[in-house]
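coords_39.txt (compact mmCIF, C-alpha atoms)
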# COMPACT_ATOMS: atom_id res chain seq x y z
CA MET L 1 -45.64 -80.92 39.95
CA ALA L 2 -48.79 -80.68 37.81
CA ARG L 3 -50.11 -77.55 36.19
CA THR L 4 -53.70 -78.85 36.13
CA SER L 5 -56.46 -76.83 37.82
CA GLY L 6 -58.79 -78.32 40.41
CA LYS L 7 -61.77 -77.72 38.15
CA GLN L 8 -60.13 -79.75 35.40
CA LYS L 9 -59.37 -82.62 37.78
CA ALA L 10 -62.99 -82.86 38.87
CA THR L 11 -64.27 -83.22 35.32
CA VAL L 12 -62.35 -86.41 34.53
CA LYS L 13 -63.89 -89.63 35.85
CA LYS L 14 -62.40 -92.27 33.57
CA VAL L 15 -59.52 -92.07 31.09
CA VAL L 16 -58.19 -94.41 28.38
CA LEU L 17 -54.39 -94.31 28.31
CA ALA L 18 -52.24 -95.33 25.33
CA TYR L 19 -49.92 -97.58 27.32
CA SER L 20 -46.69 -99.28 26.24
CA GLY L 21 -45.42 -100.34 29.66
CA GLY L 22 -42.25 -98.31 29.24
CA LEU L 23 -40.88 -95.69 31.62
CA ASP L 24 -42.88 -92.73 30.29
CA THR L 25 -46.31 -94.34 30.13
CA SER L 26 -45.82 -96.20 33.43
CA VAL L 27 -45.12 -92.88 35.13
CA ILE L 28 -48.13 -91.37 33.34
CA LEU L 29 -50.32 -94.23 34.57
CA GLN L 30 -49.45 -93.46 38.20
CA TRP L 31 -49.53 -89.69 37.62
CA LEU L 32 -53.07 -89.84 36.22
CA GLN L 33 -54.30 -91.64 39.33
CA ASP L 34 -52.49 -89.21 41.63
CA THR L 35 -53.35 -86.00 39.78
CA TYR L 36 -56.86 -86.61 38.47
CA GLN L 37 -58.05 -89.21 41.01
CA CYS L 38 -59.69 -90.99 38.09
CA GLU L 39 -60.20 -94.55 36.91
CA VAL L 40 -57.64 -95.55 34.28
CA ILE L 41 -58.04 -98.00 31.40
CA THR L 42 -54.82 -99.03 29.67
CA PHE L 43 -54.73 -99.77 25.96
CA THR L 44 -51.77 -101.46 24.31
CA ALA L 45 -51.83 -102.10 20.56
CA ASN L 46 -49.82 -104.78 18.81
CA ILE L 47 -49.06 -103.22 15.43
CA GLY L 48 -45.93 -105.25 14.81
CA GLN L 49 -43.46 -103.52 17.09
CA GLY L 50 -41.77 -106.86 17.70
CA GLU L 51 -41.89 -106.66 21.49
CA GLU L 52 -43.58 -108.96 23.92
CA LEU L 53 -46.65 -107.16 25.26
CA GLU L 54 -47.49 -109.27 28.29
CA PRO L 55 -45.01 -107.34 30.49
CA ALA L 56 -47.24 -104.30 29.92
CA ARG L 57 -50.17 -106.24 31.36
CA ARG L 58 -48.16 -107.32 34.40
CA LYS L 59 -46.88 -103.81 35.07
CA ALA L 60 -50.39 -102.33 34.79
CA LEU L 61 -51.60 -104.88 37.35
CA GLN L 62 -48.69 -103.95 39.64
CA LEU L 63 -49.72 -100.31 39.41
CA GLY L 64 -53.24 -101.08 40.60
CA ILE L 65 -55.18 -101.38 37.35
CA PRO L 66 -57.89 -104.08 37.51
CA LYS L 67 -57.57 -106.90 34.97
CA SER L 68 -60.88 -105.84 33.40
CA ASN L 69 -59.42 -102.40 32.64
CA ILE L 70 -56.38 -103.70 30.74
CA TYR L 71 -56.75 -104.04 26.97
CA ILE L 72 -54.04 -105.56 24.78
CA GLU L 73 -55.10 -106.08 21.17
CA ASP L 74 -53.52 -107.50 18.03
CA LEU L 75 -54.21 -104.89 15.34
CA ARG L 76 -51.60 -105.94 12.77
CA GLU L 77 -54.01 -107.00 10.04
CA SER L 78 -56.17 -103.91 10.47
CA PHE L 79 -53.09 -101.69 10.50
CA VAL L 80 -51.88 -102.92 7.12
CA ARG L 81 -55.26 -103.52 5.46
CA ASP L 82 -57.05 -100.35 6.54
CA PHE L 83 -54.21 -97.84 6.86
CA VAL L 84 -50.91 -98.88 5.22
CA PHE L 85 -52.39 -100.31 2.01
CA PRO L 86 -54.70 -97.32 1.35
CA MET L 87 -51.74 -94.99 1.85
CA PHE L 88 -49.58 -96.93 -0.60
CA ARG L 89 -52.32 -96.80 -3.24
CA ALA L 90 -51.53 -93.08 -3.27
CA ASN L 91 -47.73 -93.66 -3.55
CA ALA L 92 -47.41 -91.30 -0.58
CA LEU L 93 -44.03 -89.82 0.27
CA TYR L 94 -43.61 -86.92 2.70
CA GLU L 95 -41.12 -84.35 1.41
CA GLY L 96 -40.19 -86.76 -1.37
CA GLU L 97 -38.54 -89.36 0.88
CA TYR L 98 -40.32 -90.36 4.07
CA LEU L 99 -42.70 -93.34 3.85
CA LEU L 100 -44.75 -92.15 6.87
CA GLY L 101 -44.24 -95.23 9.03
CA THR L 102 -44.95 -93.48 12.34
CA SER L 103 -47.59 -91.13 10.99
CA ILE L 104 -49.87 -93.85 9.61
CA ALA L 105 -49.96 -95.82 12.87
CA ARG L 106 -51.36 -93.01 15.00
CA PRO L 107 -54.88 -92.77 13.53
CA LEU L 108 -55.45 -96.47 14.16
CA ILE L 109 -54.44 -96.13 17.81
CA ALA L 110 -56.58 -93.01 18.21
CA GLN L 111 -59.53 -94.76 16.60
CA ARG L 112 -59.31 -97.76 18.92
CA MET L 113 -58.88 -95.56 22.00
CA VAL L 114 -62.04 -93.66 21.12
CA GLU L 115 -63.90 -96.94 20.59
CA LEU L 116 -62.77 -98.12 24.03
CA ALA L 117 -63.76 -94.79 25.59
CA LYS L 118 -67.26 -95.16 24.17
CA LYS L 119 -67.46 -98.81 25.20
CA THR L 120 -66.33 -98.21 28.78
CA GLY L 121 -67.94 -94.82 29.35
CA ALA L 122 -64.63 -92.97 29.62
CA ASP L 123 -64.74 -89.21 29.20
CA ALA L 124 -61.03 -88.70 28.41
CA ILE L 125 -58.06 -90.20 26.64
CA ALA L 126 -54.39 -89.71 27.49
CA HIS L 127 -51.16 -90.19 25.58
CA GLY L 128 -47.43 -89.90 26.18
CA ALA L 129 -46.54 -87.71 23.20
CA THR L 130 -44.48 -84.63 23.98
CA GLY L 131 -45.42 -81.04 23.26
CA LYS L 132 -42.60 -80.83 20.71
CA GLY L 133 -43.64 -83.78 18.59
CA ASN L 134 -46.00 -84.58 15.76
CA ASP L 135 -47.72 -87.47 17.53
CA GLN L 136 -49.67 -85.23 19.91
CA VAL L 137 -51.31 -83.65 16.86
CA ARG L 138 -52.06 -86.99 15.19
CA PHE L 139 -53.56 -88.60 18.31
CA GLU L 140 -55.67 -85.60 19.19
CA LEU L 141 -56.93 -84.67 15.73
CA GLY L 142 -57.95 -88.30 15.26
CA ALA L 143 -59.72 -88.41 18.62
CA TYR L 144 -61.59 -85.14 18.09
CA ALA L 145 -62.68 -86.23 14.61
CA LEU L 146 -64.25 -89.39 16.04
CA MET L 147 -65.41 -88.16 19.46
CA PRO L 148 -65.83 -84.37 19.34
CA GLU L 149 -66.45 -83.87 23.07
CA VAL L 150 -63.64 -86.14 24.30
CA ARG L 151 -61.26 -84.71 26.89
CA ILE L 152 -57.54 -84.97 26.04
CA ILE L 153 -54.91 -85.32 28.75
CA ALA L 154 -51.32 -84.78 27.57
CA PRO L 155 -49.10 -85.00 30.68
CA TRP L 156 -46.01 -83.66 28.90
CA ARG L 157 -47.91 -80.38 28.46
CA GLU L 158 -48.96 -80.28 32.14
CA TRP L 159 -46.28 -81.70 34.42
CA ASP L 160 -42.72 -80.64 35.23
CA LEU L 161 -41.18 -84.11 34.78
CA LEU L 162 -39.30 -82.86 31.75
CA SER L 163 -36.18 -85.02 31.98
CA ARG L 164 -35.34 -88.69 32.22
CA GLU L 165 -33.82 -88.12 35.67
CA LYS L 166 -37.05 -86.61 36.99
CA LEU L 167 -39.07 -89.49 35.54
CA LEU L 168 -36.79 -91.98 37.30
CA GLN L 169 -37.08 -90.08 40.59
CA TYR L 170 -40.88 -90.15 40.29
CA ALA L 171 -40.77 -93.88 39.49
CA ASP L 172 -38.61 -94.58 42.54
CA ALA L 173 -40.84 -92.50 44.81
CA HIS L 174 -43.95 -94.42 43.70
CA GLY L 175 -42.49 -97.91 43.43
CA ILE L 176 -42.85 -98.07 39.65
CA PRO L 177 -40.72 -100.91 38.19
CA VAL L 178 -38.11 -99.60 35.75
CA ASP L 179 -36.28 -101.71 33.19
CA PHE L 180 -32.58 -102.01 34.05
CA LYS L 181 -31.57 -100.72 30.63
CA LYS L 182 -33.71 -97.62 31.10
CA ARG L 183 -32.12 -97.00 34.48
CA ARG L 184 -28.63 -97.41 33.03
CA GLY L 185 -29.36 -95.13 30.09
CA GLY L 186 -30.79 -97.49 27.47
CA ALA L 187 -30.36 -96.83 23.79
CA PRO L 188 -28.76 -93.51 22.80
CA TYR L 189 -31.87 -92.64 20.74
CA SER L 190 -35.65 -92.99 20.77
CA MET L 191 -37.20 -95.75 18.66
CA ASP L 192 -40.68 -96.33 17.27
CA ALA L 193 -41.46 -99.63 15.57
CA ASN L 194 -44.40 -101.19 13.78
CA LEU L 195 -44.96 -103.53 10.84
CA LEU L 196 -44.12 -100.78 8.36
CA HIS L 197 -40.91 -99.40 9.83
CA ILE L 198 -38.53 -98.64 12.67
CA SER L 199 -37.57 -95.02 13.34
CA TYR L 200 -34.63 -93.71 15.35
CA GLU L 201 -34.55 -90.16 16.73
CA GLY L 202 -33.08 -88.06 19.52
CA GLY L 203 -29.93 -88.52 21.57
CA ILE L 204 -26.78 -88.67 19.49
CA LEU L 205 -28.86 -88.40 16.29
CA GLU L 206 -29.74 -84.81 17.15
CA ASP L 207 -26.48 -83.84 15.44
CA PRO L 208 -27.52 -84.02 11.75
CA ASN L 209 -23.87 -84.49 10.80
CA PHE L 210 -23.42 -87.59 12.97
CA GLU L 211 -23.25 -90.86 11.03
CA PRO L 212 -25.20 -93.57 12.90
CA GLU L 213 -23.17 -96.57 13.98
CA GLU L 214 -23.92 -99.76 12.07
CA SER L 215 -25.17 -101.45 15.24
CA MET L 216 -28.15 -99.06 15.39
CA TRP L 217 -29.98 -100.67 12.48
CA ARG L 218 -32.28 -103.53 13.51
CA ILE L 219 -33.97 -105.00 10.43
CA THR L 220 -31.67 -104.17 7.51
CA VAL L 221 -28.12 -105.32 6.91
CA SER L 222 -25.43 -103.07 5.53
CA PRO L 223 -25.19 -103.14 1.70
CA SER L 224 -21.62 -104.38 2.11
CA LYS L 225 -22.91 -107.42 3.99
CA ALA L 226 -25.93 -108.14 1.79
CA PRO L 227 -25.92 -111.31 -0.33
CA ALA L 228 -23.76 -111.19 -3.45
CA ARG L 229 -26.60 -112.78 -5.38
CA ALA L 230 -29.76 -110.86 -6.29
CA GLN L 231 -33.22 -112.16 -5.38
CA THR L 232 -36.25 -111.81 -7.63
CA LEU L 233 -39.81 -111.55 -6.34
CA GLU L 234 -43.11 -111.66 -8.22
CA LEU L 235 -45.81 -109.58 -6.55
CA GLY L 236 -49.46 -110.15 -7.40
CA TYR L 237 -51.82 -107.15 -7.33
CA GLU L 238 -55.57 -106.87 -6.99
CA ARG L 239 -57.17 -103.40 -6.98
CA GLY L 240 -53.88 -101.76 -6.08
CA ASP L 241 -52.92 -104.02 -3.16
CA ILE L 242 -50.38 -106.86 -3.05
CA VAL L 243 -52.22 -110.12 -2.43
CA ALA L 244 -49.55 -112.67 -3.38
CA ILE L 245 -45.79 -113.14 -3.26
CA ASP L 246 -44.28 -115.58 -5.78
CA GLY L 247 -47.73 -116.93 -6.51
CA LYS L 248 -48.68 -117.63 -2.87
CA ARG L 249 -51.64 -115.74 -1.39
CA ARG L 250 -50.85 -113.69 1.69
CA SER L 251 -52.88 -111.58 4.12
CA PRO L 252 -51.97 -107.86 4.31
CA ALA L 253 -49.88 -108.29 7.47
CA GLN L 254 -48.19 -111.37 6.02
CA VAL L 255 -47.29 -109.44 2.85
CA LEU L 256 -45.56 -106.69 4.79
CA THR L 257 -43.86 -109.09 7.19
CA GLU L 258 -42.43 -111.15 4.32
CA LEU L 259 -41.29 -108.13 2.33
CA ASN L 260 -39.61 -106.71 5.44
CA ARG L 261 -37.73 -109.94 5.99
CA ILE L 262 -36.55 -110.29 2.40
CA GLY L 263 -35.91 -106.59 1.84
CA GLY L 264 -33.96 -106.26 5.09
CA LYS L 265 -31.75 -109.18 4.11
CA HIS L 266 -30.85 -107.32 0.91
CA ALA L 267 -30.20 -103.96 2.64
CA VAL L 268 -33.31 -102.32 1.19
CA GLY L 269 -35.06 -99.41 2.89
CA ARG L 270 -32.62 -97.35 4.95
CA LEU L 271 -33.17 -93.58 5.12
CA ASP L 272 -31.39 -90.75 6.96
CA LEU L 273 -33.60 -87.67 6.80
CA VAL L 274 -33.97 -84.15 8.17
CA GLU L 275 -37.71 -83.47 7.99
CA ASN L 276 -39.91 -80.49 8.79
CA ARG L 277 -42.17 -81.23 11.74
CA TYR L 278 -45.74 -80.02 11.91
CA VAL L 279 -44.95 -77.86 14.95
CA GLY L 280 -42.40 -75.85 12.95
CA MET L 281 -38.99 -77.27 13.81
CA LYS L 282 -36.63 -79.44 11.80
CA SER L 283 -35.97 -82.95 13.07
CA ARG L 284 -33.44 -85.57 12.06
CA GLY L 285 -34.58 -89.17 11.92
CA CYS L 286 -33.26 -92.47 10.59
CA TYR L 287 -35.69 -95.02 9.23
CA GLU L 288 -35.81 -98.64 8.12
CA THR L 289 -38.73 -99.41 5.80
CA PRO L 290 -37.70 -102.38 3.63
CA GLY L 291 -41.17 -103.72 2.82
CA GLY L 292 -42.58 -100.26 2.16
CA THR L 293 -39.70 -99.40 -0.17
CA ILE L 294 -40.42 -102.50 -2.26
CA MET L 295 -44.15 -101.81 -2.23
CA LEU L 296 -43.77 -98.22 -3.43
CA LYS L 297 -41.51 -99.19 -6.34
CA ALA L 298 -43.66 -102.13 -7.39
CA HIS L 299 -46.96 -100.29 -7.09
CA ARG L 300 -45.84 -97.51 -9.37
CA ALA L 301 -44.69 -100.12 -11.91
CA MET L 302 -48.11 -101.79 -11.76
CA GLU L 303 -49.83 -98.45 -12.32
CA SER L 304 -47.52 -97.63 -15.24
CA ILE L 305 -49.26 -100.15 -17.50
CA THR L 306 -52.80 -100.03 -16.09
CA LEU L 307 -53.58 -96.35 -15.51
CA ASP L 308 -54.27 -93.64 -18.07
CA ARG L 309 -51.56 -91.01 -18.48
CA GLU L 310 -53.66 -88.14 -17.13
CA VAL L 311 -54.95 -90.21 -14.22
CA LEU L 312 -51.35 -90.92 -13.24
CA ALA L 313 -50.46 -87.24 -13.65
CA LEU L 314 -53.38 -86.22 -11.44
CA LYS L 315 -52.34 -88.73 -8.77
CA ASP L 316 -48.78 -87.39 -8.91
CA ASP L 317 -50.06 -83.82 -8.48
CA LEU L 318 -52.19 -84.78 -5.47
CA MET L 319 -49.70 -87.11 -3.78
CA PRO L 320 -47.64 -84.46 -1.90
CA ARG L 321 -50.81 -82.97 -0.46
CA TYR L 322 -52.12 -86.41 0.51
CA ALA L 323 -48.80 -87.20 2.21
CA ARG L 324 -48.92 -83.94 4.19
CA MET L 325 -52.46 -84.79 5.33
CA ILE L 326 -51.20 -88.02 6.86
CA TYR L 327 -48.04 -86.50 8.30
CA ASN L 328 -50.04 -83.66 9.86
CA GLY L 329 -52.68 -85.91 11.42
CA TYR L 330 -55.62 -85.43 9.05
CA TRP L 331 -56.38 -89.10 8.33
CA PHE L 332 -60.01 -88.71 9.43
CA SER L 333 -60.51 -85.35 7.75
CA PRO L 334 -63.17 -84.91 5.04
CA GLU L 335 -60.54 -83.91 2.48
CA ARG L 336 -58.48 -87.09 3.04
CA ARG L 337 -61.59 -89.26 2.84
CA LEU L 338 -62.65 -87.53 -0.38
CA LEU L 339 -59.22 -87.92 -1.92
CA GLN L 340 -59.02 -91.56 -0.82
CA GLY L 341 -62.25 -92.27 -2.68
CA LEU L 342 -60.75 -90.85 -5.86
CA ILE L 343 -57.55 -92.85 -5.41
CA ASP L 344 -59.38 -96.09 -4.63
CA GLU L 345 -61.57 -95.70 -7.70
CA SER L 346 -58.45 -95.52 -9.88
CA GLN L 347 -57.12 -98.70 -8.26
CA GLN L 348 -59.98 -100.85 -9.55
CA ARG L 349 -57.88 -101.33 -12.70
CA VAL L 350 -54.53 -101.89 -10.97
CA ASN L 351 -54.43 -105.67 -11.32
CA GLY L 352 -51.62 -107.95 -12.45
CA THR L 353 -48.07 -108.85 -11.46
CA VAL L 354 -44.81 -106.98 -10.98
CA ARG L 355 -41.37 -108.59 -10.89
CA VAL L 356 -38.66 -106.91 -8.80
CA LYS L 357 -35.00 -107.75 -8.26
CA LEU L 358 -33.37 -106.93 -4.90
CA TYR L 359 -29.62 -106.43 -4.74
CA LYS L 360 -27.48 -104.66 -2.11
CA GLY L 361 -29.96 -101.94 -1.22
CA THR L 362 -31.55 -101.51 -4.64
CA VAL L 363 -35.00 -102.45 -5.93
CA LEU L 364 -35.09 -102.90 -9.70
CA VAL L 365 -38.33 -103.53 -11.57
CA THR L 366 -37.69 -106.21 -14.19
CA GLY L 367 -41.21 -106.89 -15.46
CA ARG L 368 -44.88 -106.03 -15.18
CA SER L 369 -48.00 -107.53 -16.76
CA SER L 370 -51.79 -107.40 -16.54
CA ALA L 371 -53.97 -109.87 -18.39
CA THR L 372 -57.12 -107.81 -17.81
CA ASP L 373 -56.20 -104.12 -17.47
CA SER L 374 -53.01 -103.37 -19.40
CA LEU L 375 -53.08 -100.21 -21.52
CA PHE L 376 -49.75 -101.08 -23.12
CA ASP L 377 -50.34 -101.89 -26.81
CA PRO L 378 -47.21 -103.33 -28.46
CA ALA L 379 -48.82 -102.95 -31.90
CA ILE L 380 -48.73 -99.17 -31.41
CA SER L 381 -45.56 -98.86 -29.33
CA THR L 382 -43.30 -100.95 -31.57
CA PHE L 383 -40.30 -99.40 -33.34
CA ASP L 384 -40.82 -101.84 -36.18
CA ASP L 385 -43.43 -101.54 -38.92
CA ASP L 386 -46.74 -101.08 -37.09
CA GLN L 387 -48.86 -101.86 -40.19
CA GLY L 388 -50.62 -98.48 -40.00
CA ALA L 389 -51.65 -98.71 -36.33
CA TYR L 390 -50.07 -95.28 -35.75
CA ASN L 391 -49.92 -92.58 -38.41
CA GLN L 392 -46.64 -90.76 -37.77
CA ALA L 393 -47.72 -87.85 -40.01
CA ASP L 394 -50.35 -86.94 -37.38
CA ALA L 395 -47.55 -85.72 -35.12
CA GLU L 396 -46.85 -82.70 -37.32
CA GLY L 397 -50.18 -80.97 -36.69
CA PHE L 398 -50.06 -81.83 -33.00
CA ILE L 399 -46.62 -80.26 -32.64
CA ARG L 400 -47.50 -77.14 -34.65
CA LEU L 401 -50.63 -76.54 -32.55
CA ASN L 402 -48.69 -76.90 -29.30
CA ALA L 403 -45.99 -74.59 -30.62
CA LEU L 404 -48.45 -71.88 -31.73
CA ARG L 405 -48.44 -69.86 -28.47
CA MET L 406 -44.63 -69.97 -28.32
CA ARG L 407 -44.33 -68.85 -31.95
CA ILE L 408 -46.69 -65.92 -31.29
CA ALA L 409 -44.67 -64.92 -28.20
CA ALA L 410 -41.41 -65.11 -30.16
CA ARG L 411 -42.79 -62.86 -32.91
CA ALA L 412 -43.88 -60.33 -30.27
CA ARG L 413 -40.38 -60.32 -28.73
CA ASN L 414 -38.84 -59.79 -32.14
CA ARG L 415 -41.12 -56.80 -32.81
CA ARG L 416 -40.10 -55.18 -29.50
CA ARG L 417 -36.42 -55.49 -30.38
CA ARG L 418 -36.78 -53.59 -33.68
Mind turning the file's structure into structure tokens?
Amino acid sequence: MARTSGKQKATVKKVVLAYSGGLDTSVILQWLQDTYQCEVITFTANIGQGEELEPARRKALQLGIPKSNIYIEDLRESFVRDFVFPMFRANALYEGEYLLGTSIARPLIAQRMVELAKKTGADAIAHGATGKGNDQVRFELGAYALMPEVRIIAPWREWDLLSREKLLQYADAHGIPVDFKKRRGGAPYSMDANLLHISYEGGILEDPNFEPEESMWRITVSPSKAPARAQTLELGYERGDIVAIDGKRRSPAQVLTELNRIGGKHAVGRLDLVENRYVGMKSRGCYETPGGTIMLKAHRAMESITLDREVLALKDDLMPRYARMIYNGYWFSPERRLLQGLIDESQQRVNGTVRVKLYKGTVLVTGRSSATDSLFDPAISTFDDDQGAYNQADAEGFIRLNALRMRIAARARNRRRR
């Protein structure tokens, strides 16, 4: 069943497993004990997936894991504060559309697994990501960046349990409890959820021409069923992060939770995308990111009046590269850290409020202001008499200088034609 050598087995004494309690990771939990004869520590992170996590604890106990080796942690505030918010300061979009909801969660999980490995003396970490996916790259690059000598165990790259039927057979043979829905087939697609988004992939969605049924969507209503009346929100910013909604202070996780609730009610944040995976293949996914969609629109509006033109242009130039770093698993890389420092420095002046109106899937900015950092000067921008604040005659020299190279090129073309 396994393709692991005896020498490899002997080198692993204790492993930290990213454990959800689902079919795949429950099988992995038993497989690790059978194949590597090692001590297993389970780690389950609450990053807002909306599921009860205590069943994971009970299942781990059933599978022989001591209570002291079971870790279930609430990481929602850290997830938004230390990962989601920094990413949104960059206005990051992968391939112009994807808000990176899955990508940004993986470095946090990898970081905490490494911390647990160091705390417990584990020499390996294990995950349930497949050899076709992006997550294997994100988990492992994160782990190696933080613990260079860590051993990685990726069962999907070692075993021959490469179908749901084989996983169920293994579960039956080892007395592993399986959810009835999983046994009956479960959802016709794979889902990943956290406070930033829900993604849907695989199954019937593997046909990129298939339109998902309305019942698939979990946190957004259809635009046709959204309220007929728009809702306006005022978002308060400090150093590039939302700290208040309609004048009420909120923690990072509370901000995203509230924006998800309100945005989902107004059909904001659905996306059907064919993206290019890191491993080289194209993959179709559907996403719900209502809070993130609002945040992206509002943040850019806040920057529009507080950041210098060339600073904004530089951020726009760097954004696609920053987004690829996150998508490709380079959150802990020196280049991402360097770029984050540049971005965060620019955000020191991104303070004020943005007003947005939500209506049937749209997010419309209807106002923005900053009492301390606005670069918008109505005395200069006005179409009325500006009392000499702007000398319109200055534009002539500016235009002629910028046209000089084009005029020279045109004269050269004319000479060649003679």
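Distance-wise, CA of Lys166 (chain L) and CA of Leu17 (chain L) end up 20.9 Å apart.
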Checklist entry - Using only C-alpha atoms, which of L:Ala90, L:Leu63, L:Tyr98, L:Arg157 sits nearest Leu312 (chain L)? => result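 Among the listed residues, the smallest separation from Leu312 (chain L) belongs to L:Ala90.
Reported to one decimal place, the separation of CA of Pro252 (chain L) from CA of Thr220 (chain L) is 20.9 Å.
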Next on the checklist: One number please: CA of Asp82 (chain L) to CA of Val255 (chain L), in Å, one decimal.
Outcome noted: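 Computing the Euclidean distance for CA of Asp82 (chain L) and CA of Val255 (chain L) yields 13.8 Å.
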Checklist entry - What's the 8 Å shell around region 122-129 of chain L, counting only C-alpha atoms, without same-chain residues fewer than 4 positions away, as a VMD selection string? => result chain L and resid 12 to 19 24 to 25 28 113 to 114 116 to 118 133 135 to 136 139 150 to 156
Only C-alpha atoms, please: the residues just picked out, written as a PDB file, in the frame of the given file.
ATOM      1  CA  VAL L  12     -62.350 -86.410  34.530  1.00  0.00           C
ATOM      2  CA  LYS L  13     -63.890 -89.630  35.850  1.00  0.00           C
ATOM      3  CA  LYS L  14     -62.400 -92.270  33.570  1.00  0.00           C
ATOM      4  CA  VAL L  15     -59.520 -92.070  31.090  1.00  0.00           C
ATOM      5  CA  VAL L  16     -58.190 -94.410  28.380  1.00  0.00           C
ATOM      6  CA  LEU L  17     -54.390 -94.310  28.310  1.00  0.00           C
ATOM      7  CA  ALA L  18     -52.240 -95.330  25.330  1.00  0.00           C
ATOM      8  CA  TYR L  19     -49.920 -97.580  27.320  1.00  0.00           C
ATOM      9  CA  ASP L  24     -42.880 -92.730  30.290  1.00  0.00           C
ATOM     10  CA  THR L  25     -46.310 -94.340  30.130  1.00  0.00           C
ATOM     11  CA  ILE L  28     -48.130 -91.370  33.340  1.00  0.00           C
ATOM     12  CA  MET L 113     -58.880 -95.560  22.000  1.00  0.00           C
ATOM     13  CA  VAL L 114     -62.040 -93.660  21.120  1.00  0.00           C
ATOM     14  CA  LEU L 116     -62.770 -98.120  24.030  1.00  0.00           C
ATOM     15  CA  ALA L 117     -63.760 -94.790  25.590  1.00  0.00           C
ATOM     16  CA  LYS L 118     -67.260 -95.160  24.170  1.00  0.00           C
ATOM     17  CA  GLY L 133     -43.640 -83.780  18.590  1.00  0.00           C
ATOM     18  CA  ASP L 135     -47.720 -87.470  17.530  1.00  0.00           C
ATOM     19  CA  GLN L 136     -49.670 -85.230  19.910  1.00  0.00           C
ATOM     20  CA  PHE L 139     -53.560 -88.600  18.310  1.00  0.00           C
ATOM     21  CA  VAL L 150     -63.640 -86.140  24.300  1.00  0.00           C
ATOM     22  CA  ARG L 151     -61.260 -84.710  26.890  1.00  0.00           C
ATOM     23  CA  ILE L 152     -57.540 -84.970  26.040  1.00  0.00           C
ATOM     24  CA  ILE L 153     -54.910 -85.320  28.750  1.00  0.00           C
ATOM     25  CA  ALA L 154     -51.320 -84.780  27.570  1.00  0.00           C
ATOM     26  CA  PRO L 155     -49.100 -85.000  30.680  1.00  0.00           C
ATOM     27  CA  TRP L 156     -46.010 -83.660  28.900  1.00  0.00           C
TER      28      TRP L 156
END
Item to check | Residue nearest Ile343 (chain L) among L:Phe83, L:Trp31, L:Tyr390, L:Tyr322 (counting all atoms listed in the file) | outcome: L:Tyr322
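For Thr306 (chain L), the set of protein, DNA and RNA residues having any atom at most 6 Å away, when counting only C-alpha atoms and skipping those fewer than 4 positions along the same chain, is Val350, Asp373, Ser374 and Leu375 of chain L.
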So that all listed atoms of region 21-40 of chain L fit with 4 Å spare on each side, what axis-aligned box centre and edge lengths in Å, to one decimal, would you give as AutoDock Vina command-line options?
--center_x -50.5 --center_y -93.2 --center_z 35.4 --size_x 27.3 --size_y 22.3 --size_z 20.4
Item to check | Selection near region 73-80 of chain L, 10 Å with all atoms listed in the file, sequence-local residues under 6 positions removed, as a PyMOL selection string | outcome: chain L and resi 43-49+53+86-87+104-109+112+194-196+251-256
